[in-house]
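What follows is coords-v7.pdb (PDB, C-alpha atoms and all ligand atoms).
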ATOM      1  CA  MET A   1      49.459 133.140 121.149  1.00  0.00           C
ATOM      2  CA  ASP A   2      53.001 132.801 119.876  1.00  0.00           C
ATOM      3  CA  CYS A   3      53.883 131.470 116.451  1.00  0.00           C
ATOM      4  CA  ALA A   4      57.502 131.121 115.372  1.00  0.00           C
ATOM      5  CA  ALA A   5      58.555 132.606 112.065  1.00  0.00           C
ATOM      6  CA  ASP A   6      59.125 129.110 110.664  1.00  0.00           C
ATOM      7  CA  GLU A   7      55.951 127.584 112.140  1.00  0.00           C
ATOM      8  CA  PHE A   8      52.703 127.197 110.234  1.00  0.00           C
ATOM      9  CA  ILE A   9      49.974 129.313 111.777  1.00  0.00           C
ATOM     10  CA  LEU A  10      47.607 126.335 111.923  1.00  0.00           C
ATOM     11  CA  ASP A  11      50.061 124.370 114.048  1.00  0.00           C
ATOM     12  CA  ALA A  12      50.384 127.251 116.517  1.00  0.00           C
ATOM     13  CA  VAL A  13      46.616 127.728 116.690  1.00  0.00           C
ATOM     14  CA  LEU A  14      45.993 124.022 117.327  1.00  0.00           C
ATOM     15  CA  ALA A  15      48.797 123.893 119.919  1.00  0.00           C
ATOM     16  CA  ALA A  16      47.054 126.766 121.717  1.00  0.00           C
ATOM     17  CA  GLY A  17      43.916 124.628 121.893  1.00  0.00           C
ATOM     18  CA  ALA A  18      41.734 126.574 119.493  1.00  0.00           C
ATOM     19  CA  PRO A  19      39.358 124.275 117.558  1.00  0.00           C
ATOM     20  CA  VAL A  20      39.724 125.537 113.989  1.00  0.00           C
ATOM     21  CA  PRO A  21      38.773 123.595 110.873  1.00  0.00           C
ATOM     22  CA  SER A  22      41.466 121.944 108.799  1.00  0.00           C
ATOM     23  CA  SER A  23      41.603 118.819 106.723  1.00  0.00           C
ATOM     24  CA  CYS A  24      43.889 118.298 103.788  1.00  0.00           C
ATOM     25  CA  THR A  25      47.136 120.083 104.540  1.00  0.00           C
ATOM     26  CA  PRO A  26      48.972 121.739 102.956  1.00  0.00           C
ATOM     27  CA  GLY A  27      46.891 124.278 101.120  1.00  0.00           C
ATOM     28  CA  MET A  28      44.844 122.081  98.801  1.00  0.00           C
ATOM     29  CA  ARG A  29      41.146 122.308  99.657  1.00  0.00           C
ATOM     30  CA  GLY A  30      40.737 125.497 101.611  1.00  0.00           C
ATOM     31  CA  ALA A  31      39.310 124.138 104.858  1.00  0.00           C
ATOM     32  CA  CYS A  32      41.519 126.435 106.918  1.00  0.00           C
ATOM     33  CA  LYS A  33      40.676 129.658 105.071  1.00  0.00           C
ATOM     34  CA  PHE A  34      40.312 132.697 107.302  1.00  0.00           C
ATOM     35  CA  SER A  35      40.244 136.444 106.944  1.00  0.00           C
ATOM     36  CA  LEU A  36      43.512 138.148 107.701  1.00  0.00           C
ATOM     37  CA  LEU A  37      42.445 141.180 109.718  1.00  0.00           C
ATOM     38  CA  GLY A  38      45.897 142.522 110.430  1.00  0.00           C
ATOM     39  CA  GLY A  39      49.541 141.827 109.678  1.00  0.00           C
ATOM     40  CA  THR A  40      51.047 139.725 106.939  1.00  0.00           C
ATOM     41  CA  GLY A  41      51.955 136.123 106.335  1.00  0.00           C
ATOM     42  CA  GLU A  42      53.928 134.131 103.790  1.00  0.00           C
ATOM     43  CA  MET A  43      51.625 131.607 102.086  1.00  0.00           C
ATOM     44  CA  ASN A  44      52.686 128.681  99.865  1.00  0.00           C
ATOM     45  CA  HIS A  45      49.403 127.033  98.935  1.00  0.00           C
ATOM     46  CA  ALA A  46      48.592 124.227  96.502  1.00  0.00           C
ATOM     47  CA  GLY A  47      45.499 125.695  94.862  1.00  0.00           C
ATOM     48  CA  GLY A  48      43.157 125.826  97.827  1.00  0.00           C
ATOM     49  CA  ILE A  49      42.586 129.548  97.540  1.00  0.00           C
ATOM     50  CA  ARG A  50      41.699 131.770  94.590  1.00  0.00           C
ATOM     51  CA  PRO A  51      43.623 134.915  93.645  1.00  0.00           C
ATOM     52  CA  GLY A  52      40.501 136.982  94.308  1.00  0.00           C
ATOM     53  CA  GLU A  53      40.241 135.553  97.813  1.00  0.00           C
ATOM     54  CA  ILE A  54      43.869 136.410  98.486  1.00  0.00           C
ATOM     55  CA  ALA A  55      43.234 139.921  97.187  1.00  0.00           C
ATOM     56  CA  ALA A  56      40.259 140.119  99.560  1.00  0.00           C
ATOM     57  CA  GLY A  57      42.499 139.317 102.528  1.00  0.00           C
ATOM     58  CA  LYS A  58      41.917 135.581 102.941  1.00  0.00           C
ATOM     59  CA  ILE A  59      44.696 133.235 104.030  1.00  0.00           C
ATOM     60  CA  LEU A  60      45.153 129.476 104.385  1.00  0.00           C
ATOM     61  CA  ILE A  61      46.716 129.067 107.787  1.00  0.00           C
ATOM     62  CA  CYS A  62      47.940 125.491 107.215  1.00  0.00           C
ATOM     63  CA  CYS A  63      50.526 126.644 104.697  1.00  0.00           C
ATOM     64  CA  SER A  64      51.297 130.130 105.973  1.00  0.00           C
ATOM     65  CA  THR A  65      53.951 131.417 108.317  1.00  0.00           C
ATOM     66  CA  PRO A  66      53.802 134.801 110.019  1.00  0.00           C
ATOM     67  CA  THR A  67      55.965 137.688 108.896  1.00  0.00           C
ATOM     68  CA  GLY A  68      55.016 139.732 111.939  1.00  0.00           C
ATOM     69  CA  ASP A  69      52.105 140.072 114.322  1.00  0.00           C
ATOM     70  CA  LEU A  70      48.882 138.714 112.823  1.00  0.00           C
ATOM     71  CA  VAL A  71      45.188 138.986 113.533  1.00  0.00           C
ATOM     72  CA  ILE A  72      42.971 136.357 111.914  1.00  0.00           C
ATOM     73  CA  ASP A  73      39.225 135.890 112.113  1.00  0.00           C
ATOM     74  CA  ALA A  74      39.222 132.348 113.466  1.00  0.00           C
TER      75      ALA A  74
HETATM   76  S1  LIG B 101      43.923 122.377 105.812  1.00  0.00           S
HETATM   77 FE1  LIG B 101      43.466 122.175 103.724  1.00  0.00          FE
HETATM   78  S2  LIG B 101      43.896 124.112 102.844  1.00  0.00           S
HETATM   79 FE2  LIG B 101      44.518 124.256 104.920  1.00  0.00          FE
END

Re-express the file's structure as structure tokens.
Ligand code: FES
Amino acid sequence: MDCAADEFILDAVLAAGAPVPSSCTPGMRGACKFSLLGGTGEMNHAGGIRPGEIAAGKILICCSTPTGDLVIDA
């Protein structure tokens, strides 16, 4: 799946037809929280994820853009 550098990961995933959970957008309630298994992303959330979750490798894909190749547990 391709995701442009300025495209939110959630939008690319949904455009590819993958049924992933999401609700609030952007980054408020955490419905689109997944484990980042590889790569990095730039996330600008609105409180929907805790610092400890970020440290543990979680990401909100509705408010994140890729900074390279990514692998998420979706
Ligand atoms: S859809 Fe709500 S935090 Fe991503």

Contacts to ligand LIG 101 (chain B) at 7 Å cut-off (all atoms listed in the file) as an MDAnalysis selection string: chainID A and resid 22:33 48 60:63

task: Record the distance separating atom CA of Thr65 of chain A and atom CA of Cys3 of chain A, expressed in Å with one decimal.
output: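 Distance reported for this atom pair: 8.1 Å.
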
task: Select, from A:Asp11, A:Asp2, A:Glu53, A:Glu42, the residue with the minimum atom-to-atom distance to Thr67 of chain A, counting only C-alpha atoms.
output: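 Checking each candidate against Thr67 of chain A, we get A:Glu42 as the closest.
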
- prompt: Of the candidates A:Val20, A:Asp73, A:Asp6, A:Ala46, which shows the shortest atom-to-atom distance to Phe34 of chain A, using all atoms listed in the file?
  reply: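 Distance minimum relative to Phe34 of chain A lands on A:Asp73.
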
task: Work out how far atom CA of Met1 of chain A is from atom CA of Leu14 of chain A, in Å to one decimal.
output: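 Distance reported for this atom pair: 10.5 Å.
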
Evaluate the PyMOL selection byres (((chain A and resi 54) around 12) and not hetatm) and report residues as a PyMOL selection string: chain A and resi 30+33-36+40-45+47-53+55-60

field: Gap from atom CA of Pro21 of chain A to atom CA of Val71 of chain A - Å, one decimal
entry: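 Atom-to-atom, atom CA of Pro21 of chain A to atom CA of Val71 of chain A, that is 16.9 Å.
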
Edge lengths and centre in Å, axis-aligned, segment 50-65 of chain A plus 6 Å each side, as lines of an AutoDock Vina configuration file:
center_x = 47.1
center_y = 132.8
center_z = 101.0
size_x = 25.7
size_y = 26.6
size_z = 26.7

If I only have part of segment 27-59 of chain A, can you fill in N, CA and C atoms and write it as a compact mmCIF listing (two decimals), in the frame of the given file?
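Final output, rebuild-v2.txt:
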# COMPACT_ATOMS: atom_id res chain seq x y z
N GLY A 27 47.38 123.28 102.06
CA GLY A 27 46.89 124.28 101.12
C GLY A 27 46.17 123.77 99.90
N MET A 28 45.47 122.64 100.00
CA MET A 28 44.84 122.08 98.80
C MET A 28 43.35 122.34 98.70
N ARG A 29 42.61 122.24 99.78
CA ARG A 29 41.15 122.31 99.66
C ARG A 29 40.52 123.53 100.30
N GLY A 30 41.24 124.24 101.08
CA GLY A 30 40.74 125.50 101.61
C GLY A 30 39.97 125.41 102.91
N ALA A 31 40.06 124.29 103.61
CA ALA A 31 39.31 124.14 104.86
C ALA A 31 39.75 125.13 105.93
N CYS A 32 40.98 125.57 105.87
CA CYS A 32 41.52 126.44 106.92
C CYS A 32 41.61 127.89 106.45
N LYS A 33 40.66 128.29 105.64
CA LYS A 33 40.68 129.66 105.07
C LYS A 33 40.05 130.64 106.06
N PHE A 34 40.79 131.67 106.38
CA PHE A 34 40.31 132.70 107.30
C PHE A 34 40.62 134.07 106.74
N SER A 35 39.95 135.06 107.31
CA SER A 35 40.24 136.44 106.94
C SER A 35 41.44 136.92 107.75
N LEU A 36 42.36 137.53 107.06
CA LEU A 36 43.51 138.15 107.70
C LEU A 36 43.13 139.59 108.02
N LEU A 37 42.94 139.87 109.30
CA LEU A 37 42.44 141.18 109.72
C LEU A 37 43.57 142.16 109.98
N GLY A 38 44.77 141.64 110.19
CA GLY A 38 45.90 142.52 110.43
C GLY A 38 47.19 141.77 110.26
N GLY A 39 48.24 142.45 109.85
CA GLY A 39 49.54 141.83 109.68
C GLY A 39 49.68 141.14 108.33
N THR A 40 50.78 140.41 108.19
CA THR A 40 51.05 139.72 106.94
C THR A 40 51.61 138.34 107.21
N GLY A 41 51.42 137.47 106.25
CA GLY A 41 51.96 136.12 106.34
C GLY A 41 52.52 135.71 104.99
N GLU A 42 53.36 134.70 105.01
CA GLU A 42 53.93 134.13 103.79
C GLU A 42 53.18 132.84 103.51
N MET A 43 52.47 132.77 102.38
CA MET A 43 51.62 131.61 102.09
C MET A 43 52.16 130.86 100.87
N ASN A 44 52.30 129.54 100.98
CA ASN A 44 52.69 128.68 99.86
C ASN A 44 51.62 127.61 99.72
N HIS A 45 50.53 127.95 99.04
CA HIS A 45 49.40 127.03 98.94
C HIS A 45 49.52 126.14 97.70
N ALA A 46 48.61 125.17 97.62
CA ALA A 46 48.59 124.23 96.50
C ALA A 46 47.26 124.30 95.77
N GLY A 47 46.72 125.50 95.63
CA GLY A 47 45.50 125.70 94.86
C GLY A 47 44.23 125.79 95.68
N GLY A 48 44.35 125.80 96.98
CA GLY A 48 43.16 125.83 97.83
C GLY A 48 42.58 127.20 98.06
N ILE A 49 43.09 128.19 97.38
CA ILE A 49 42.59 129.55 97.54
C ILE A 49 42.72 130.26 96.19
N ARG A 50 41.70 131.07 95.88
CA ARG A 50 41.70 131.77 94.59
C ARG A 50 42.41 133.12 94.71
N PRO A 51 42.96 133.61 93.60
CA PRO A 51 43.62 134.92 93.64
C PRO A 51 42.71 136.02 94.18
N GLY A 52 41.43 135.97 93.82
CA GLY A 52 40.50 136.98 94.31
C GLY A 52 40.31 136.91 95.82
N GLU A 53 40.36 135.71 96.36
CA GLU A 53 40.24 135.55 97.81
C GLU A 53 41.48 136.11 98.51
N ILE A 54 42.63 135.86 97.91
CA ILE A 54 43.87 136.41 98.49
C ILE A 54 43.81 137.94 98.45
N ALA A 55 43.35 138.47 97.32
CA ALA A 55 43.23 139.92 97.19
C ALA A 55 42.25 140.49 98.19
N ALA A 56 41.26 139.67 98.59
CA ALA A 56 40.26 140.12 99.56
C ALA A 56 40.72 139.91 101.00
N GLY A 57 41.96 139.43 101.18
CA GLY A 57 42.50 139.32 102.53
C GLY A 57 42.33 137.96 103.18
N LYS A 58 42.04 136.93 102.39
CA LYS A 58 41.92 135.58 102.94
C LYS A 58 43.30 134.91 102.98
N ILE A 59 43.43 133.95 103.89
CA ILE A 59 44.70 133.24 104.03
C ILE A 59 44.41 131.79 104.43
